[in-house]
Structures are given as structure tokens and as C-alpha cells.
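Text of input_28.txt (compact mmCIF, C-alpha atoms and all ligand atoms) as supplied:
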# COMPACT_ATOMS: atom_id res chain seq x y z
CA MET A 1 61.54 9.64 12.05
CA TRP A 2 59.65 11.92 9.63
CA ASN A 3 58.82 11.08 6.04
CA VAL A 4 58.46 13.93 3.62
CA PRO A 5 56.66 12.75 0.49
CA ALA A 6 58.45 13.38 -2.80
CA GLY A 7 57.43 16.72 -4.24
CA HIS A 8 56.54 18.25 -0.89
CA PRO A 9 56.98 22.02 -1.17
CA GLN A 10 59.31 22.11 1.83
CA GLY A 11 61.66 19.54 0.31
CA ALA A 12 63.16 16.72 2.33
CA GLY A 13 66.28 18.78 3.01
CA ASP A 14 64.28 21.30 4.97
CA VAL A 15 63.14 18.71 7.49
CA ARG A 16 66.16 20.00 9.40
CA SER A 17 64.40 23.32 9.95
CA TRP A 18 61.29 21.49 11.24
CA ARG A 19 63.48 19.53 13.65
CA ALA A 20 65.17 22.73 14.79
CA LEU A 21 61.77 24.35 15.47
CA THR A 22 60.65 21.24 17.36
CA HIS A 23 63.77 21.32 19.54
CA GLU A 24 63.34 25.04 20.16
CA ILE A 25 59.79 24.44 21.43
CA GLU A 26 60.92 21.48 23.55
CA ARG A 27 63.49 23.69 25.30
CA CYS A 28 61.29 26.81 25.52
CA GLU A 29 61.37 28.83 28.76
CA LEU A 30 59.36 31.86 27.57
CA CYS A 31 56.61 31.49 30.19
CA PRO A 32 56.29 29.95 33.66
CA LEU A 33 54.63 26.76 32.35
CA HIS A 34 58.05 25.31 31.49
CA ARG A 35 58.72 24.88 35.24
CA THR A 36 55.87 22.44 35.75
CA ARG A 37 55.93 20.51 32.48
CA THR A 38 57.22 16.98 31.96
CA HIS A 39 57.30 17.46 28.19
CA ALA A 40 56.49 20.29 25.84
CA VAL A 41 53.89 18.88 23.43
CA VAL A 42 54.78 19.86 19.88
CA TYR A 43 53.08 17.86 17.10
CA ARG A 44 51.97 14.53 15.81
CA GLY A 45 51.20 13.65 12.19
CA GLY A 46 52.62 13.84 8.71
CA LEU A 47 54.88 16.58 7.42
CA ALA A 48 52.79 17.33 4.34
CA PRO A 49 49.33 17.21 5.91
CA ARG A 50 46.17 18.15 4.01
CA VAL A 51 44.46 18.92 7.30
CA VAL A 52 45.87 20.23 10.60
CA PHE A 53 43.73 20.05 13.76
CA VAL A 54 44.47 22.88 16.20
CA GLY A 55 43.61 22.22 19.86
CA GLU A 56 44.04 24.26 22.99
CA ALA A 57 46.65 22.91 25.41
CA PRO A 58 48.02 19.57 26.58
CA GLY A 59 46.47 17.77 29.52
CA ASP A 60 47.99 15.27 31.91
CA VAL A 61 48.43 12.34 29.48
CA GLU A 62 49.88 14.64 26.82
CA ASP A 63 52.30 16.16 29.34
CA ARG A 64 53.54 12.67 30.21
CA THR A 65 53.76 11.34 26.64
CA GLY A 66 54.84 14.51 24.83
CA LEU A 67 52.15 13.95 22.15
CA PRO A 68 48.97 15.98 21.56
CA PHE A 69 45.49 14.51 22.08
CA GLN A 70 46.31 11.20 23.79
CA GLY A 71 43.54 11.08 26.40
CA ARG A 72 39.78 10.63 26.09
CA SER A 73 39.27 13.64 23.83
CA GLY A 74 42.18 12.39 21.71
CA ARG A 75 40.41 9.06 21.23
CA ARG A 76 37.30 10.91 20.10
CA LEU A 77 39.39 13.00 17.71
CA ASP A 78 41.13 9.90 16.30
CA THR A 79 37.80 8.17 15.74
CA ALA A 80 36.66 11.23 13.76
CA ILE A 81 39.90 11.28 11.75
CA GLY A 82 39.36 7.59 10.94
CA ARG A 83 35.84 8.36 9.75
CA LEU A 84 37.20 11.14 7.54
CA GLY A 85 39.42 8.55 5.88
CA LEU A 86 42.62 10.56 6.41
CA GLY A 87 45.79 8.46 6.24
CA SER A 88 48.51 8.88 8.89
CA GLU A 89 50.55 11.25 6.67
CA GLU A 90 47.52 13.29 5.60
CA PHE A 91 46.76 15.00 8.88
CA GLY A 92 48.53 16.68 11.78
CA VAL A 93 47.55 17.60 15.34
CA LEU A 94 48.96 20.42 17.46
CA ASN A 95 47.94 22.90 20.17
CA LEU A 96 47.95 26.66 20.72
CA ILE A 97 49.76 26.17 24.04
CA LYS A 98 52.64 23.72 24.13
CA CYS A 99 52.94 23.04 27.88
CA ARG A 100 50.27 21.81 30.28
CA PRO A 101 48.60 24.64 32.22
CA PRO A 102 47.98 23.84 35.91
CA GLU A 103 44.49 22.41 36.44
CA ASN A 104 44.12 22.51 32.65
CA ARG A 105 42.91 26.10 32.89
CA TYR A 106 43.29 28.15 29.68
CA ASP A 107 46.29 30.46 30.13
CA PRO A 108 46.16 33.53 27.82
CA ARG A 109 49.71 34.55 28.79
CA ALA A 110 51.03 31.16 27.67
CA ALA A 111 48.95 31.40 24.48
CA ARG A 112 50.62 34.74 23.70
CA ALA A 113 54.09 33.35 24.39
CA CYS A 114 53.43 30.26 22.24
CA ARG A 115 51.79 32.09 19.35
CA PRO A 116 54.93 32.50 17.23
CA TYR A 117 55.52 28.74 17.50
CA LEU A 118 52.00 28.02 16.22
CA ASP A 119 52.46 30.45 13.33
CA ARG A 120 55.85 28.98 12.42
CA GLN A 121 54.50 25.42 12.57
CA LEU A 122 51.56 26.27 10.30
CA ALA A 123 53.78 28.23 7.92
CA TRP A 124 56.09 25.23 7.63
CA LEU A 125 53.39 22.58 7.31
CA ARG A 126 51.22 24.60 4.91
CA PRO A 127 48.11 22.47 5.34
CA ARG A 128 45.34 22.96 2.84
CA VAL A 129 42.84 23.19 5.69
CA ARG A 130 43.05 24.13 9.37
CA VAL A 131 40.43 22.67 11.69
CA THR A 132 40.07 24.52 14.99
CA LEU A 133 38.95 22.52 18.03
CA GLY A 134 37.09 24.67 20.54
CA ALA A 135 36.58 28.37 21.16
CA HIS A 136 40.17 29.37 21.96
CA ALA A 137 41.67 27.87 18.79
CA LEU A 138 38.91 29.47 16.71
CA ARG A 139 39.44 32.89 18.31
CA ALA A 140 43.23 32.61 17.80
CA LEU A 141 43.02 31.74 14.09
CA ASP A 142 39.93 33.75 13.15
CA PRO A 143 39.29 36.63 15.56
CA GLU A 144 36.34 37.76 13.41
CA ALA A 145 34.47 34.47 13.80
CA PRO A 146 31.19 34.27 15.71
CA PRO A 147 31.04 32.17 18.93
CA VAL A 148 32.11 28.57 18.42
CA LEU A 149 28.63 27.03 18.71
CA GLN A 150 27.48 29.30 15.93
CA ALA A 151 30.57 28.85 13.74
CA ALA A 152 31.19 25.11 14.17
CA GLY A 153 30.37 22.86 11.26
CA SER A 154 30.72 25.40 8.44
CA PRO A 155 33.90 26.29 6.56
CA ARG A 156 35.25 29.84 6.71
CA GLY A 157 37.61 31.73 4.46
CA THR A 158 40.39 33.63 6.25
CA ARG A 159 43.39 35.66 5.12
CA ASP A 160 45.52 32.61 5.89
CA GLY A 161 43.35 30.15 3.98
CA PRO A 162 40.35 27.95 4.62
CA LEU A 163 39.41 27.07 8.16
CA PHE A 164 36.82 24.67 9.54
CA PRO A 165 35.70 25.34 13.14
CA MET A 166 34.63 22.44 15.36
CA ILE A 167 33.65 22.27 19.02
CA HIS A 168 36.36 20.79 21.25
CA PRO A 169 36.18 16.97 21.45
CA ALA A 170 36.26 17.29 25.27
CA ALA A 171 32.97 19.22 25.04
CA ALA A 172 31.50 16.32 23.07
CA LEU A 173 32.20 14.11 26.10
CA ARG A 174 30.10 16.34 28.34
CA SER A 175 26.57 15.96 26.99
CA ARG A 176 24.50 13.99 24.52
CA ARG A 177 23.58 17.22 22.75
CA LEU A 178 27.23 18.20 22.20
CA ALA A 179 28.16 14.62 21.24
CA ASP A 180 25.50 14.78 18.51
CA ARG A 181 26.78 18.18 17.43
CA TRP A 182 30.33 16.79 17.20
CA GLU A 183 29.17 13.88 15.02
CA ARG A 184 27.20 16.16 12.70
CA ASP A 185 30.17 18.52 12.32
CA VAL A 186 32.53 15.62 11.57
CA ASP A 187 30.16 14.59 8.77
CA ALA A 188 30.04 18.18 7.48
CA LEU A 189 33.85 18.34 7.51
CA GLY A 190 34.01 15.03 5.61
CA ALA A 191 31.58 16.28 2.96
CA TRP A 192 33.54 19.52 2.59
CA LEU A 193 36.87 17.69 2.26
CA ARG A 194 35.41 15.34 -0.35
CA ALA A 195 34.05 18.32 -2.28
CA GLY A 196 37.58 19.77 -2.56
CA ALA A 197 37.68 21.86 0.63
CA GLY A 198 38.83 25.38 0.30
CA GLN A 199 37.81 26.01 -3.25
CA SER A 200 34.37 27.09 -2.09
CA VAL A 201 35.16 29.60 0.70
N1 LIG B 301 43.00 18.97 24.71
C1 LIG B 301 43.68 19.76 23.84
O1 LIG B 301 43.20 20.84 23.44
N2 LIG B 301 44.86 19.34 23.43
C2 LIG B 301 45.40 18.18 23.80
O2 LIG B 301 46.48 17.87 23.35
C3 LIG B 301 44.65 17.37 24.69
C4 LIG B 301 43.46 17.79 25.13
Starting from the file, give its structure as C-alpha cells.
Ligand code: URA
Amino acid sequence: MWNVPAGHPQGAGDVRSWRALTHEIERCELCPLHRTRTHAVVYRGGLAPRVVFVGEAPGDVEDRTGLPFQGRSGRRLDTAIGRLGLGSEEFGVLNLIKCRPPENRYDPRAARACRPYLDRQLAWLRPRVRVTLGAHALRALDPEAPPVLQAAGSPRGTRDGPLFPMIHPAAALRSRRLADRWERDVDALGAWLRAGAGQSV
């Protein structure tokens, strides 16, 4: 199911620990959202990704499929990933919150309960770059950052490594102005990745 490229720091043998973490999240009952979920939504992508995109929480399509970013905002994200030229093993996608919140409202209690899962996933994957999608992901991974519309489109250095904030792709569906902003920030991310992302922040 998962390919770990030769030479990956985790080593193919340790894929077992990734699977164990995945199963732990799938069975999680730490907050009330487990009662209303169809699936916990854990991860999609390669196991040695250069770039991991961090979203907020699954919506309806993600709850049904068990995969992050499958709906309209997922299509926008995938188009951007295609433009960045990232191969299927070179990126990963996950969320702060693993189960769908009712009415897709951000649930800080669920975010707190899920936080150790996010940290363990990122520690295992060790991406070179984390790209936050939207205000909540940015606040979670870089509490010092300015508001998302100010921060988006420019790389930031954090204690845990380089981070590139973006607006949420769902926001880009809401207005022409935000769609243009999304496109500009995708181009800025592409330029930064091509320039060797992370060496300059
Ligand atoms: N929005 C998110 O933040 N995550 C998803 O998986 C889908 C929509």
C-alpha cells in the first residue's frame, strides 16, 4: 500500500509504526466527533514527502471517502500541486482535525484532542516544508505568525523548520480577489521550492 523510497530516513521497516499510528487515529474516541463520523480522515500522499499540506478538518466528501481534500477545495489544491510539479510521492495532505465537525464548524476542542496525532504524523514524515492552508492551520503550527492574509505567500522560519502559509483553497472559491491571491501564492510557493525552499528562512 505504501512505498518508502530507498534511503528514506524512516526505513521501510518502520512503515509498521506509520500503520500503527494510522490505525490508532482511525479508532480514536478522544472527542465526541467520533460518534458522528463515517471515517476518520488520516492522510494521503507519499511517505517521504518534500512538502506536506496541512488543512483544517474533513468535510462531507472526506468523511465518506476517508481521504483528505476530496471535494471542490481538494480539486483546487490538486490543481495547484500539479502546477508545482510535485510527483505523487513528493507531497502529502493531512488535517489538524481528523473527524468531520458538524456543519463543518471549526472545533477547537477537537483540534486540541487531535494535536498529538498531527505532531506524530509530522515527526514521522519529516517533510522539508510544511504548507499551512488557512488561518487555523497557520495558528496551530506558528502561533507567532501574523493573520493569514498578511502571512500567506511568504515563507517563514519556525522552530520546527520552514513553513509556507497559504489561504485555504475553500476561501479561493469564494471571491475573485481570493482566487487571484491563491494563484499568486501558488506561484510564490513554486518559486520558493525551485530555489531550494528552507535554506533561505
Ligand atoms: N477542507 C479541509 O481543511 N480539509 C479537507 O480535508 C477538506 C476540506
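Reported to one decimal place, the separation of atom CA of Leu33 of chain A from atom CA of Leu163 of chain A is 28.6 Å.
The environment of segment 168-179 of chain A within 9 Å, counting all atoms listed in the file and disregarding residues fewer than 4 places along the same chain, consists of Gly55, Glu56, Arg72, Ser73, Gly74, Arg75, Arg76, Leu77, Thr132, Leu133, Gly134, Ala135, Glu183 and Arg184 of chain A.
The list of residues within 9 Å of (36.3, 24.6, 5.1), counted using all atoms listed in the file, is Val129, Arg130, Val131, Gly153, Ser154, Pro155, Arg156, Gly157, Pro162, Leu163, Phe164, Pro165, Leu189, Trp192, Leu193, Ala197, Gly198, Gln199, Ser200 and Val201 of chain A.
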Ligand LIG 301 (chain B): which residues are within 12 Å, counting all atoms listed in the file, as a VMD selection string?
chain A and resid 39 to 44 53 to 78 92 to 101 104 to 106 132 to 138 166 to 173
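Nearest residue to Arg19 of chain A, choosing from A:Val186, A:Trp124, A:Phe91, A:Leu118 and counting only C-alpha atoms: A:Trp124.
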Atom CA of Cys28 of chain A and atom CA of Gly46 of chain A, how far apart in Å?
22.9 Å
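Take the candidates A:Pro146, A:Thr36, A:Cys31, A:Asp180 and check each one against Pro108 of chain A using only C-alpha atoms; the shortest distance goes to A:Cys31.
Our summary of the geometry notes that atom CA of Ile25 of chain A is positioned 25.7 Å from atom CA of Ile81 of chain A.
Restricting the calculation to only C-alpha atoms, the smallest distance between Asp119 of chain A and any of A:Glu103, A:Leu21, A:Arg16, A:Ala151 is found for A:Leu21.
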Taking all listed atoms of segment 154-168 of chain A, build the axis-aligned box, pad each of the six sides by 8 Å, then write its centre and edge lengths in Å to one decimal as AutoDock Vina command-line options.
--center_x 38.1 --center_y 28.2 --center_z 12.6 --size_x 30.8 --size_y 30.9 --size_z 33.3
